[in-house]
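What follows is the content of input.txt (compact mmCIF, C-alpha atoms (C1' of nucleotides)).
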# COMPACT_ATOMS: atom_id res chain seq x y z
CA MET A 16 -63.48 43.23 -3.60
CA SER A 17 -63.61 39.53 -2.95
CA ALA A 18 -64.26 39.03 -6.65
CA SER A 19 -61.23 41.12 -7.48
CA LYS A 20 -58.97 39.03 -5.24
CA ARG A 21 -60.28 36.01 -7.02
CA ASP A 22 -59.48 37.56 -10.37
CA ILE A 23 -55.98 38.49 -9.28
CA LEU A 24 -55.46 34.93 -8.13
CA VAL A 25 -56.76 33.30 -11.30
CA ARG A 26 -54.82 35.59 -13.58
CA GLY A 27 -51.62 35.17 -11.59
CA ALA A 28 -52.09 31.41 -11.49
CA MET A 29 -52.68 31.38 -15.23
CA ASN A 30 -49.41 33.18 -15.88
CA VAL A 31 -47.33 31.07 -13.53
CA PHE A 32 -48.85 27.80 -14.70
CA TYR A 33 -48.25 28.84 -18.29
CA ARG A 34 -44.60 29.72 -17.78
CA GLU A 35 -43.59 27.07 -15.28
CA GLY A 36 -45.98 24.17 -15.61
CA PHE A 37 -48.71 22.71 -13.44
CA ASN A 38 -47.05 20.01 -11.38
CA ALA A 39 -43.99 22.20 -10.99
CA THR A 40 -46.00 25.05 -9.46
CA GLY A 41 -47.01 24.66 -5.81
CA MET A 42 -49.84 26.41 -4.04
CA ASP A 43 -47.41 28.14 -1.68
CA LYS A 44 -45.53 29.63 -4.59
CA LEU A 45 -48.80 30.79 -6.12
CA ALA A 46 -49.80 32.45 -2.85
CA LYS A 47 -46.49 34.27 -2.68
CA GLU A 48 -46.56 35.24 -6.36
CA THR A 49 -50.12 36.59 -6.38
CA GLY A 50 -50.19 38.08 -2.88
CA VAL A 51 -53.32 36.10 -2.11
CA SER A 52 -53.07 34.06 1.06
CA LYS A 53 -53.41 30.33 0.96
CA MET A 54 -56.59 30.29 3.01
CA THR A 55 -58.18 32.81 0.69
CA MET A 56 -57.15 30.67 -2.26
CA TYR A 57 -58.90 27.69 -0.74
CA LYS A 58 -61.95 29.79 0.03
CA HIS A 59 -62.36 30.46 -3.66
CA PHE A 60 -61.25 27.06 -4.96
CA ARG A 61 -61.67 23.73 -3.27
CA SER A 62 -58.52 22.29 -4.75
CA LYS A 63 -55.53 22.99 -6.93
CA GLU A 64 -57.31 21.21 -9.74
CA ASP A 65 -60.22 23.63 -9.52
CA LEU A 66 -57.82 26.56 -9.67
CA ILE A 67 -56.12 25.08 -12.72
CA LEU A 68 -59.51 24.68 -14.40
CA ALA A 69 -60.33 28.32 -13.67
CA ALA A 70 -56.96 29.41 -15.09
CA LEU A 71 -57.60 27.37 -18.23
CA ARG A 72 -61.06 28.87 -18.56
CA LEU A 73 -59.62 32.38 -18.42
CA ARG A 74 -56.99 31.47 -20.96
CA ASP A 75 -59.58 29.90 -23.22
CA ASP A 76 -61.73 33.05 -23.11
CA GLU A 77 -58.95 35.52 -23.68
CA PHE A 78 -57.06 33.55 -26.29
CA LEU A 79 -60.09 32.77 -28.41
CA SER A 80 -61.59 36.23 -28.28
CA SER A 81 -58.35 37.99 -29.19
CA PHE A 82 -57.49 35.39 -31.79
CA THR A 83 -60.84 35.50 -33.57
CA ARG A 84 -60.96 39.31 -33.40
CA LEU A 85 -57.49 39.52 -34.92
CA VAL A 86 -58.49 37.22 -37.75
CA GLU A 87 -61.81 38.89 -38.44
CA GLU A 88 -60.39 42.40 -38.44
CA GLY A 89 -57.34 41.39 -40.44
CA ALA A 90 -58.99 40.46 -43.72
CA LYS A 91 -62.24 41.12 -45.53
CA THR A 92 -62.69 38.05 -47.70
CA PRO A 93 -63.37 34.64 -46.18
CA LYS A 94 -60.39 33.20 -48.00
CA GLY A 95 -58.22 36.03 -46.70
CA ARG A 96 -59.37 35.30 -43.17
CA LEU A 97 -58.59 31.64 -43.58
CA LEU A 98 -55.02 32.54 -44.42
CA GLY A 99 -55.11 35.27 -41.79
CA VAL A 100 -55.32 32.56 -39.13
CA PHE A 101 -51.64 32.03 -39.78
CA ASP A 102 -50.85 35.72 -39.46
CA ALA A 103 -52.58 35.84 -36.11
CA LEU A 104 -50.70 32.74 -35.06
CA ALA A 105 -47.43 34.30 -36.20
CA ASP A 106 -48.13 37.38 -34.07
CA TRP A 107 -48.63 35.22 -31.04
CA ILE A 108 -45.66 32.95 -31.61
CA GLU A 109 -43.26 35.73 -32.38
CA GLY A 110 -44.35 37.81 -29.41
CA ARG A 111 -42.25 37.86 -26.24
CA ASP A 112 -44.76 35.97 -24.12
CA PHE A 113 -44.88 32.78 -26.13
CA TYR A 114 -44.22 29.58 -24.22
CA SER A 115 -46.05 27.11 -26.43
CA CYS A 116 -49.72 26.31 -25.95
CA MET A 117 -51.01 26.10 -22.40
CA PHE A 118 -53.57 23.45 -23.35
CA ILE A 119 -51.11 21.18 -25.12
CA LYS A 120 -48.90 21.41 -22.06
CA ALA A 121 -51.86 20.73 -19.80
CA THR A 122 -52.65 17.48 -21.61
CA SER A 123 -48.98 16.55 -21.33
CA GLU A 124 -49.27 16.65 -17.57
CA TYR A 125 -52.83 15.33 -17.25
CA GLN A 126 -52.78 12.57 -19.79
CA SER A 127 -55.86 10.57 -19.08
CA PRO A 128 -58.56 11.55 -21.59
CA GLU A 129 -61.11 11.48 -18.78
CA HIS A 130 -59.23 13.88 -16.54
CA PRO A 131 -61.15 17.19 -16.18
CA ILE A 132 -58.06 19.18 -17.16
CA HIS A 133 -57.56 17.06 -20.26
CA VAL A 134 -61.25 17.42 -21.09
CA ALA A 135 -61.14 21.20 -20.69
CA SER A 136 -58.11 21.39 -22.97
CA ALA A 137 -59.83 19.28 -25.60
CA GLU A 138 -62.86 21.56 -25.45
CA HIS A 139 -60.67 24.57 -26.09
CA LYS A 140 -59.11 22.90 -29.09
CA ARG A 141 -62.50 21.97 -30.44
CA LYS A 142 -63.49 25.63 -30.31
CA VAL A 143 -60.43 26.61 -32.30
CA LEU A 144 -61.16 23.89 -34.82
CA ALA A 145 -64.79 25.00 -35.09
CA PHE A 146 -63.70 28.58 -35.73
CA ILE A 147 -61.44 27.48 -38.57
CA GLN A 148 -64.15 25.24 -39.94
CA GLY A 149 -66.52 28.19 -40.02
CA LEU A 150 -64.02 30.18 -42.06
CA ALA A 151 -63.46 27.26 -44.41
CA GLY A 152 -67.18 26.99 -44.95
CA GLU A 153 -67.56 30.70 -45.69
CA ALA A 154 -64.64 30.51 -48.07
CA GLY A 155 -66.51 27.87 -50.01
CA ALA A 156 -64.18 24.94 -49.50
CA LYS A 157 -65.26 21.73 -51.17
CA ASN A 158 -64.80 19.89 -47.87
CA PRO A 159 -64.69 22.50 -45.08
CA LYS A 160 -64.39 19.94 -42.32
CA LEU A 161 -61.37 18.29 -43.91
CA LEU A 162 -59.66 21.55 -44.75
CA ALA A 163 -60.27 22.83 -41.22
CA ARG A 164 -58.80 19.73 -39.65
CA GLN A 165 -55.74 19.98 -41.86
CA LEU A 166 -55.18 23.64 -41.14
CA PHE A 167 -55.78 23.00 -37.45
CA MET A 168 -53.12 20.30 -37.41
CA LEU A 169 -50.80 22.71 -39.11
CA THR A 170 -51.35 25.32 -36.39
CA GLU A 171 -50.71 22.75 -33.69
CA GLY A 172 -47.53 21.58 -35.37
CA GLU A 173 -46.41 25.15 -35.90
CA THR A 174 -46.89 25.94 -32.22
CA VAL A 175 -45.04 22.89 -30.98
CA THR A 176 -42.24 23.26 -33.51
CA ALA A 177 -41.69 26.91 -32.65
CA PHE A 178 -41.39 25.97 -28.99
CA ILE A 179 -39.04 23.02 -29.41
CA LEU A 180 -36.91 23.96 -32.40
CA GLY A 181 -37.16 27.74 -32.19
CA LYS A 182 -39.39 30.34 -33.78
CA SER A 183 -37.18 31.25 -36.70
CA GLY A 184 -38.97 30.84 -40.00
CA VAL A 185 -41.60 28.52 -38.63
CA ALA A 186 -44.57 30.87 -39.06
CA ALA A 187 -43.66 31.74 -42.65
CA ASP A 188 -43.23 28.08 -43.59
CA ALA A 189 -46.55 27.17 -42.03
CA LYS A 190 -48.33 30.00 -43.79
CA ALA A 191 -46.88 28.91 -47.12
CA ALA A 192 -48.13 25.39 -46.49
CA ALA A 193 -51.53 26.74 -45.52
CA LYS A 194 -51.72 28.67 -48.75
CA VAL A 195 -51.09 25.51 -50.76
CA LEU A 196 -53.72 23.58 -48.82
CA ILE A 197 -56.28 26.35 -49.11
CA GLU A 198 -55.77 26.82 -52.84
CA ALA A 199 -56.15 23.11 -53.39
CA ALA A 200 -59.31 22.93 -51.31
CA LEU A 201 -61.22 25.80 -52.90
CA PRO A 202 -63.07 25.17 -56.16
CA GLY A 203 -61.09 26.20 -59.26
CA GLN A 204 -59.97 29.77 -59.50
CA ASN A 205 -56.76 30.95 -61.07
CA THR A 206 -55.44 33.17 -58.33
CA MET B 14 -25.68 -8.63 -15.08
CA SER B 15 -25.20 -5.15 -13.76
CA ALA B 16 -25.64 -3.88 -17.31
CA SER B 17 -28.84 -5.84 -17.59
CA LYS B 18 -30.24 -4.33 -14.39
CA ARG B 19 -29.41 -0.95 -15.81
CA ASP B 20 -31.24 -1.80 -19.00
CA ILE B 21 -34.28 -3.03 -17.11
CA LEU B 22 -34.29 0.20 -15.15
CA VAL B 23 -33.95 2.48 -18.15
CA ARG B 24 -36.58 0.66 -20.17
CA GLY B 25 -38.99 0.55 -17.25
CA ALA B 26 -38.40 4.22 -16.53
CA MET B 27 -38.97 5.05 -20.18
CA ASN B 28 -42.33 3.32 -20.16
CA VAL B 29 -43.53 4.84 -16.91
CA PHE B 30 -42.33 8.32 -17.79
CA TYR B 31 -44.04 8.02 -21.16
CA ARG B 32 -47.36 6.93 -19.75
CA GLU B 33 -47.49 8.99 -16.57
CA GLY B 34 -45.21 11.97 -17.02
CA PHE B 35 -41.89 13.04 -15.54
CA ASN B 36 -42.78 15.21 -12.56
CA ALA B 37 -45.64 12.89 -11.72
CA THR B 38 -43.34 9.85 -11.48
CA GLY B 39 -41.26 9.53 -8.33
CA MET B 40 -38.09 7.53 -7.88
CA ASP B 41 -39.76 5.28 -5.31
CA LYS B 42 -42.48 4.36 -7.75
CA LEU B 43 -39.86 3.64 -10.40
CA ALA B 44 -37.98 1.37 -8.01
CA LYS B 45 -41.14 -0.54 -7.22
CA GLU B 46 -42.23 -0.72 -10.85
CA THR B 47 -38.89 -1.94 -12.23
CA GLY B 48 -37.84 -4.12 -9.31
CA VAL B 49 -34.55 -2.26 -9.13
CA SER B 50 -33.77 -0.93 -5.68
CA LYS B 51 -33.33 2.76 -5.13
CA MET B 52 -29.66 2.41 -4.18
CA THR B 53 -28.97 0.51 -7.36
CA MET B 54 -30.75 3.17 -9.34
CA TYR B 55 -28.51 5.80 -7.85
CA LYS B 56 -25.45 3.68 -8.49
CA HIS B 57 -26.19 3.83 -12.19
CA PHE B 58 -27.54 7.39 -12.35
CA ARG B 59 -26.51 10.33 -10.23
CA SER B 60 -29.91 11.95 -10.35
CA LYS B 61 -33.44 11.64 -11.62
CA GLU B 62 -32.54 14.01 -14.41
CA ASP B 63 -29.77 11.67 -15.59
CA LEU B 64 -32.21 8.78 -15.61
CA ILE B 65 -34.71 10.80 -17.62
CA LEU B 66 -31.99 11.64 -20.12
CA ALA B 67 -31.11 7.96 -20.45
CA ALA B 68 -34.78 7.08 -20.96
CA LEU B 69 -35.07 9.75 -23.65
CA ARG B 70 -31.92 8.44 -25.34
CA LEU B 71 -33.37 4.94 -25.47
CA ARG B 72 -36.63 6.27 -26.86
CA ASP B 73 -34.77 8.35 -29.43
CA ASP B 74 -32.81 5.31 -30.61
CA GLU B 75 -35.71 2.93 -30.81
CA PHE B 76 -38.24 5.33 -32.26
CA LEU B 77 -35.98 6.63 -34.99
CA SER B 78 -34.63 3.25 -36.04
CA SER B 79 -38.05 1.62 -36.25
CA PHE B 80 -39.57 4.67 -37.88
CA THR B 81 -36.92 5.03 -40.58
CA ARG B 82 -36.91 1.28 -41.24
CA LEU B 83 -40.66 1.28 -41.65
CA VAL B 84 -40.51 4.15 -44.11
CA GLU B 85 -37.62 2.76 -46.11
CA GLU B 86 -39.07 -0.72 -46.40
CA GLY B 87 -42.56 0.58 -47.14
CA ALA B 88 -41.97 2.22 -50.47
CA LYS B 89 -39.45 2.04 -53.29
CA THR B 90 -39.58 5.50 -54.82
CA PRO B 91 -38.35 8.55 -52.91
CA LYS B 92 -41.69 10.23 -53.41
CA GLY B 93 -43.45 7.15 -52.11
CA ARG B 94 -41.24 7.17 -49.02
CA LEU B 95 -42.01 10.82 -48.41
CA LEU B 96 -45.67 9.99 -48.31
CA GLY B 97 -44.87 6.79 -46.44
CA VAL B 98 -43.78 8.89 -43.48
CA PHE B 99 -47.46 9.42 -42.84
CA ASP B 100 -48.24 5.72 -43.06
CA ALA B 101 -45.57 4.96 -40.50
CA LEU B 102 -46.94 7.72 -38.31
CA ALA B 103 -50.45 6.32 -38.70
CA ASP B 104 -49.22 2.89 -37.56
CA TRP B 105 -47.75 4.41 -34.45
CA ILE B 106 -50.68 6.67 -33.61
CA GLU B 107 -53.30 4.01 -34.17
CA GLY B 108 -51.42 1.40 -32.16
CA ARG B 109 -52.46 0.66 -28.58
CA ASP B 110 -49.35 2.13 -26.99
CA PHE B 111 -49.76 5.66 -28.23
CA TYR B 112 -49.69 8.39 -25.61
CA SER B 113 -48.53 11.30 -27.74
CA CYS B 114 -44.87 12.10 -28.22
CA MET B 115 -42.54 11.64 -25.27
CA PHE B 116 -40.33 14.50 -26.39
CA ILE B 117 -43.12 17.02 -26.84
CA LYS B 118 -44.30 16.09 -23.37
CA ALA B 119 -40.77 16.39 -22.01
CA THR B 120 -40.46 19.96 -23.27
CA SER B 121 -43.85 20.69 -21.71
CA GLU B 122 -42.43 19.83 -18.31
CA TYR B 123 -38.92 21.17 -18.82
CA GLN B 124 -39.64 24.37 -20.61
CA SER B 125 -36.41 26.31 -20.46
CA PRO B 126 -34.65 25.93 -23.84
CA GLU B 127 -31.35 25.51 -21.98
CA HIS B 128 -32.54 22.64 -19.83
CA PRO B 129 -30.72 19.39 -20.75
CA ILE B 130 -34.03 17.56 -21.12
CA HIS B 131 -35.37 20.24 -23.43
CA VAL B 132 -32.12 20.18 -25.41
CA ALA B 133 -32.23 16.39 -25.77
CA SER B 134 -35.80 16.59 -27.00
CA ALA B 135 -34.91 19.24 -29.54
CA GLU B 136 -32.06 17.07 -30.80
CA HIS B 137 -34.44 14.19 -31.34
CA LYS B 138 -36.79 16.40 -33.31
CA ARG B 139 -33.94 17.69 -35.41
CA LYS B 140 -33.08 14.11 -36.34
CA VAL B 141 -36.64 13.46 -37.46
CA LEU B 142 -36.62 16.68 -39.45
CA ALA B 143 -33.28 15.75 -41.05
CA PHE B 144 -34.63 12.35 -42.04
CA ILE B 145 -37.62 13.94 -43.78
CA GLN B 146 -35.38 16.50 -45.42
CA GLY B 147 -33.24 13.70 -46.82
CA LEU B 148 -36.31 12.09 -48.35
CA ALA B 149 -37.46 15.42 -49.78
CA GLY B 150 -34.08 15.92 -51.37
CA GLU B 151 -34.08 12.44 -52.92
CA ALA B 152 -37.59 13.03 -54.20
CA GLY B 153 -36.31 16.07 -56.05
CA ALA B 154 -38.27 18.76 -54.26
CA LYS B 155 -37.64 22.27 -55.45
CA ASN B 156 -36.99 23.38 -51.90
CA PRO B 157 -36.34 20.25 -49.81
CA LYS B 158 -35.70 22.18 -46.62
CA LEU B 159 -38.99 24.02 -46.83
CA LEU B 160 -41.00 20.95 -47.75
CA ALA B 161 -39.38 18.99 -44.93
CA ARG B 162 -40.20 21.66 -42.37
CA GLN B 163 -43.79 21.77 -43.56
CA LEU B 164 -44.22 18.01 -43.46
CA PHE B 165 -42.50 17.91 -40.09
CA MET B 166 -44.93 20.47 -38.68
CA LEU B 167 -47.75 18.38 -40.05
CA THR B 168 -46.47 15.29 -38.23
CA GLU B 169 -46.18 17.22 -34.99
CA GLY B 170 -49.67 18.61 -35.35
CA GLU B 171 -51.02 15.19 -36.22
CA THR B 172 -49.47 13.67 -33.11
CA VAL B 173 -50.75 16.36 -30.77
CA THR B 174 -54.19 16.42 -32.34
CA ALA B 175 -54.58 12.66 -32.13
CA PHE B 176 -53.71 12.80 -28.44
CA ILE B 177 -55.98 15.70 -27.52
CA LEU B 178 -58.95 15.31 -29.85
CA GLY B 179 -58.78 11.59 -30.49
CA LYS B 180 -57.23 9.43 -33.19
CA SER B 181 -60.25 9.06 -35.41
CA GLY B 182 -59.54 10.21 -38.95
CA VAL B 183 -56.53 12.28 -38.00
CA ALA B 184 -53.94 10.19 -39.80
CA ALA B 185 -55.91 10.05 -43.02
CA ASP B 186 -56.50 13.79 -43.02
CA ALA B 187 -52.82 14.48 -42.39
CA LYS B 188 -51.76 12.13 -45.15
CA ALA B 189 -54.12 13.83 -47.58
CA ALA B 190 -52.62 17.19 -46.64
CA ALA B 191 -49.13 15.78 -47.06
CA LYS B 192 -50.02 14.57 -50.53
CA VAL B 193 -51.12 18.05 -51.55
CA LEU B 194 -47.97 19.63 -50.16
CA ILE B 195 -45.71 17.05 -51.78
CA GLU B 196 -47.36 17.33 -55.18
CA ALA B 197 -47.05 21.10 -55.04
CA ALA B 198 -43.38 20.94 -54.05
CA LEU B 199 -42.14 18.53 -56.69
CA PRO B 200 -41.38 19.88 -60.17
CA GLY B 201 -44.25 19.43 -62.63
CA GLN B 202 -45.52 15.94 -63.25
CA ASN B 203 -49.10 15.01 -63.95
CA THR B 204 -49.61 12.22 -61.45
C1' DT C 24 -69.03 51.01 23.38
C1' DC C 25 -69.48 45.85 22.91
C1' DT C 26 -70.81 41.87 19.92
C1' DT C 27 -70.77 39.15 16.18
C1' DA C 28 -69.40 37.63 11.80
C1' DT C 29 -65.92 37.49 8.30
C1' DA C 30 -61.05 37.79 6.32
C1' DT C 31 -56.66 36.77 6.76
C1' DT C 32 -52.38 35.04 8.73
C1' DT C 33 -49.54 31.71 11.09
C1' DA C 34 -48.54 27.37 11.98
C1' DC C 35 -49.46 23.07 11.34
C1' DT C 36 -50.93 18.10 9.28
C1' DG C 37 -49.49 13.68 7.01
C1' DA C 38 -47.76 12.41 2.56
C1' DT C 39 -44.36 12.39 -0.73
C1' DC C 40 -40.33 14.30 -2.98
C1' DA C 41 -35.07 13.42 -4.33
C1' DG C 42 -31.28 11.63 -2.44
C1' DT C 43 -28.26 9.06 1.24
C1' DA C 44 -26.26 6.58 5.47
C1' DT C 45 -26.33 2.44 7.53
C1' DA C 46 -27.26 -2.28 7.95
C1' DT C 47 -27.57 -6.61 5.83
C1' DT C 48 -26.97 -10.01 2.58
C1' DA C 49 -24.42 -12.63 -0.87
C1' DA C 50 -20.45 -13.92 -3.15
C1' DT C 51 -15.58 -14.54 -3.60
C1' DA C 52 -10.98 -15.59 -1.92
C1' DA C 53 -7.84 -17.76 1.11
C1' DT D 7 -13.64 -22.13 7.94
C1' DT D 8 -12.76 -16.83 8.02
C1' DA D 9 -11.81 -12.24 5.76
C1' DT D 10 -12.97 -9.12 2.28
C1' DT D 11 -15.65 -7.01 -1.12
C1' DA D 12 -19.63 -5.80 -3.58
C1' DA D 13 -24.65 -5.58 -4.09
C1' DT D 14 -28.90 -4.85 -1.98
C1' DA D 15 -32.56 -3.49 1.36
C1' DT D 16 -34.16 -0.71 5.24
C1' DA D 17 -34.60 3.36 7.14
C1' DC D 18 -33.71 7.73 7.24
C1' DT D 19 -32.70 13.09 5.84
C1' DG D 20 -34.62 17.83 5.08
C1' DA D 21 -37.54 19.93 1.73
C1' DT D 22 -41.78 20.49 -0.28
C1' DC D 23 -46.35 18.91 -1.53
C1' DA D 24 -51.77 19.83 -1.01
C1' DG D 25 -54.75 21.02 2.28
C1' DT D 26 -56.46 22.66 7.18
C1' DA D 27 -57.02 24.16 12.23
C1' DA D 28 -56.39 27.60 15.26
C1' DA D 29 -55.34 32.31 16.15
C1' DT D 30 -55.55 37.03 14.91
C1' DA D 31 -57.16 41.12 12.63
C1' DT D 32 -60.92 43.67 10.54
C1' DA D 33 -65.34 45.11 9.72
C1' DA D 34 -70.15 46.01 10.49
C1' DG D 35 -74.19 46.26 13.52
C1' DA D 36 -76.36 47.60 17.84
Would you give me this structure, written as structure tokens?
Amino acid sequence: MSASKRDILVRGAMNVFYREGFNATGMDKLAKETGVSKMTMYKHFRSKEDLILAALRLRDDEFLSSFTRLVEEGAKTPKGRLLGVFDALADWIEGRDFYSCMFIKATSEYQSPEHPIHVASAEHKRKVLAFIQGLAGEAGAKNPKLLARQLFMLTEGETVTAFILGKSGVAADAKAAAKVLIEAALPGQNT
Amino acid sequence: MSASKRDILVRGAMNVFYREGFNATGMDKLAKETGVSKMTMYKHFRSKEDLILAALRLRDDEFLSSFTRLVEEGAKTPKGRLLGVFDALADWIEGRDFYSCMFIKATSEYQSPEHPIHVASAEHKRKVLAFIQGLAGEAGAKNPKLLARQLFMLTEGETVTAFILGKSGVAADAKAAAKVLIEAALPGQNT
DNA sequence: TCTTATATTTACTGATCAGTATATTAATAA
DNA sequence: TTATTAATATACTGATCAGTAAATATAAGA
């Protein structure tokens, strides 16, 4: 009951923060949008910052689990999964609920590297990077860490570019680049 | 005199907006920081939005001119300049005044694609992309547009990654990726 | 039934937001 | 000197910000 109200609040906050930004979203608006009264909000979270952190945590959970599942179900070979990262990303970007990356936007508003919101965003990104690095290792890359970092940068650039310049063609171009990088990073095979 | 006050204001606003964000920076703070009184600010700009647009215009001018000059003076061959993009980027990222990209952050706070601030940011990015595309064409890439979009995405990802996960190694990894992409996109040569 | 504890709502706090009206200063012109 | 004009500073507007105190409704226990 009380837990459910909390969940409604966090999920609603996550959506509004994602679409409209953090500084731009007031607590009153959140109360109205989620149907949870302000006092109840402050019973569950001591501050707006705490609520933002909870929203980011939810996003982190849901994004990573659906993203990794999509990649792991999408291809059988490690190399196929490595490339599949860019198919999963394409799905997300080309969907109707894409408004860039919530964590990139969070660091844009909370810039200090020590700020808890910045830290939480960095942790999320490190998880994504670690997932890619795992795939690169399984695929037998000569330097899995390097390849993972390069592919990760490509995903970040793809996300930002799709948001600023428009989605059209971006995912395909990024996937083509990924293919080149992956081929070059795996020990000689003529495929 | 009056023009100079305007310049002081715009430059000061640019710096504060860059370091601390747009929504997080109030007009009072800007007045105090630049030494230009609020009334004078509003004599030169009708609104905060207009001042932000002026600050972005200044940034666009200065960033692009110094960036393109750096690239063009840094290497003689077109192919060298294409790779030199990533040296220029490394200089910027590893400098002490790097707080990610002002335009990426601007679109994070003004998300609607129709918003003038979002539009101005997109125009800046299109200029950067066009510059890279020019280099790719001169270098004789098979598909200059594709290569430019891929390298552009890599620069965006590099910038964001350096800001969120830290600068260490990012520029070198991105440059190595760029080298692979460039080699693959230029018609056969054994170098 | 009455009592007590808990949720929730309403109404508020002081601070700050963007933007402006008024007062004051400074400079020029005669 | 005095009149006029332009630039600046002070002080304000109503709106909204994050956060809270007091009042009301609800529930459970006896």
Please identify every residue of chain B that has at least one atom no more than 8 Å from any atom of chain A, counting all atoms listed in the file, and report them as a compact mmCIF listing (two decimals) with C-alpha atoms, keeping the file's coordinate frame.
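Result file is result16.txt:
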# COMPACT_ATOMS: atom_id res chain seq x y z
CA ARG B 32 -47.36 6.93 -19.75
CA GLU B 33 -47.49 8.99 -16.57
CA GLY B 34 -45.21 11.97 -17.02
CA ASN B 36 -42.78 15.21 -12.56
CA ALA B 37 -45.64 12.89 -11.72
CA TYR B 112 -49.69 8.39 -25.61
CA ILE B 117 -43.12 17.02 -26.84
CA LYS B 118 -44.30 16.09 -23.37
CA THR B 120 -40.46 19.96 -23.27
CA SER B 121 -43.85 20.69 -21.71
CA GLU B 122 -42.43 19.83 -18.31
CA GLN B 124 -39.64 24.37 -20.61
CA PRO B 126 -34.65 25.93 -23.84
CA HIS B 131 -35.37 20.24 -23.43
CA SER B 134 -35.80 16.59 -27.00
CA ALA B 135 -34.91 19.24 -29.54
CA LYS B 138 -36.79 16.40 -33.31
CA ARG B 139 -33.94 17.69 -35.41
CA LEU B 159 -38.99 24.02 -46.83
CA ARG B 162 -40.20 21.66 -42.37
CA GLN B 163 -43.79 21.77 -43.56
CA PHE B 165 -42.50 17.91 -40.09
CA MET B 166 -44.93 20.47 -38.68
CA LEU B 167 -47.75 18.38 -40.05
CA THR B 168 -46.47 15.29 -38.23
CA GLU B 169 -46.18 17.22 -34.99
CA GLY B 170 -49.67 18.61 -35.35
CA GLU B 171 -51.02 15.19 -36.22
CA VAL B 173 -50.75 16.36 -30.77
CA THR B 174 -54.19 16.42 -32.34
CA ILE B 177 -55.98 15.70 -27.52
CA LEU B 178 -58.95 15.31 -29.85
CA VAL B 183 -56.53 12.28 -38.00
CA ASP B 186 -56.50 13.79 -43.02
CA ALA B 187 -52.82 14.48 -42.39
CA ALA B 190 -52.62 17.19 -46.64
CA VAL B 193 -51.12 18.05 -51.55
CA LEU B 194 -47.97 19.63 -50.16
CA ALA B 197 -47.05 21.10 -55.04
Chain A contacts on chain C, all atoms listed in the file, 9 Å, as a list in words: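 The contacting residues on chain C are DA30, DT31 and DT32 of chain C.
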Long-range neighbours of DT26 in chain D as a PyMOL selection string, 12 Å cut-off, only C-alpha atoms (C1' of nucleotides), 6 positions minimum in chain: (chain A and resi 53-54+57-58+61) or (chain C and resi 34-37)
Test item: chain D residues at most 10 Å from chain A, counting all atoms listed in the file, as a list in words: DT22, DC23, DA24, DG25 and DT26 of chain D
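Pairwise distance (CA of Leu97 in chain A, CA of Phe78 in chain A) equals 17.5 Å.
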For CA of Pro91 in chain B and CA of Ser183 in chain A, the interatomic separation in Å (one decimal): 27.9 Å
d(CA of Phe30 in chain B, CA of Ser17 in chain B) in Å: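 Computing it gives 19.6 Å between the two atoms.
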Option closest in space to Gly97 in chain B, from B:Phe80, B:Asp110, B:Gly201, B:Asn156 [counting only C-alpha atoms]: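 Among B:Phe80, B:Asp110, B:Gly201, B:Asn156, it is B:Phe80 that comes nearest to Gly97 in chain B.
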Counting all atoms listed in the file, the option among C:DT27, C:DT39, C:DT51, C:DT45 closest to DA33 in chain D: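 Using all atoms listed in the file, DA33 in chain D sits closest to C:DT27.
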DA52 in chain C environment, 10 Å, all atoms listed in the file, sequence neighbours closer than 3 positions dropped, as a PyMOL selection string: chain D and resi 9-11
Surrounding residues of DG20 in chain D excluding itself and chain neighbours under 2 positions, 12 Å, all atoms listed in the file, as a PyMOL selection string: (chain C and resi 40-43) or (chain D and resi 18+22)
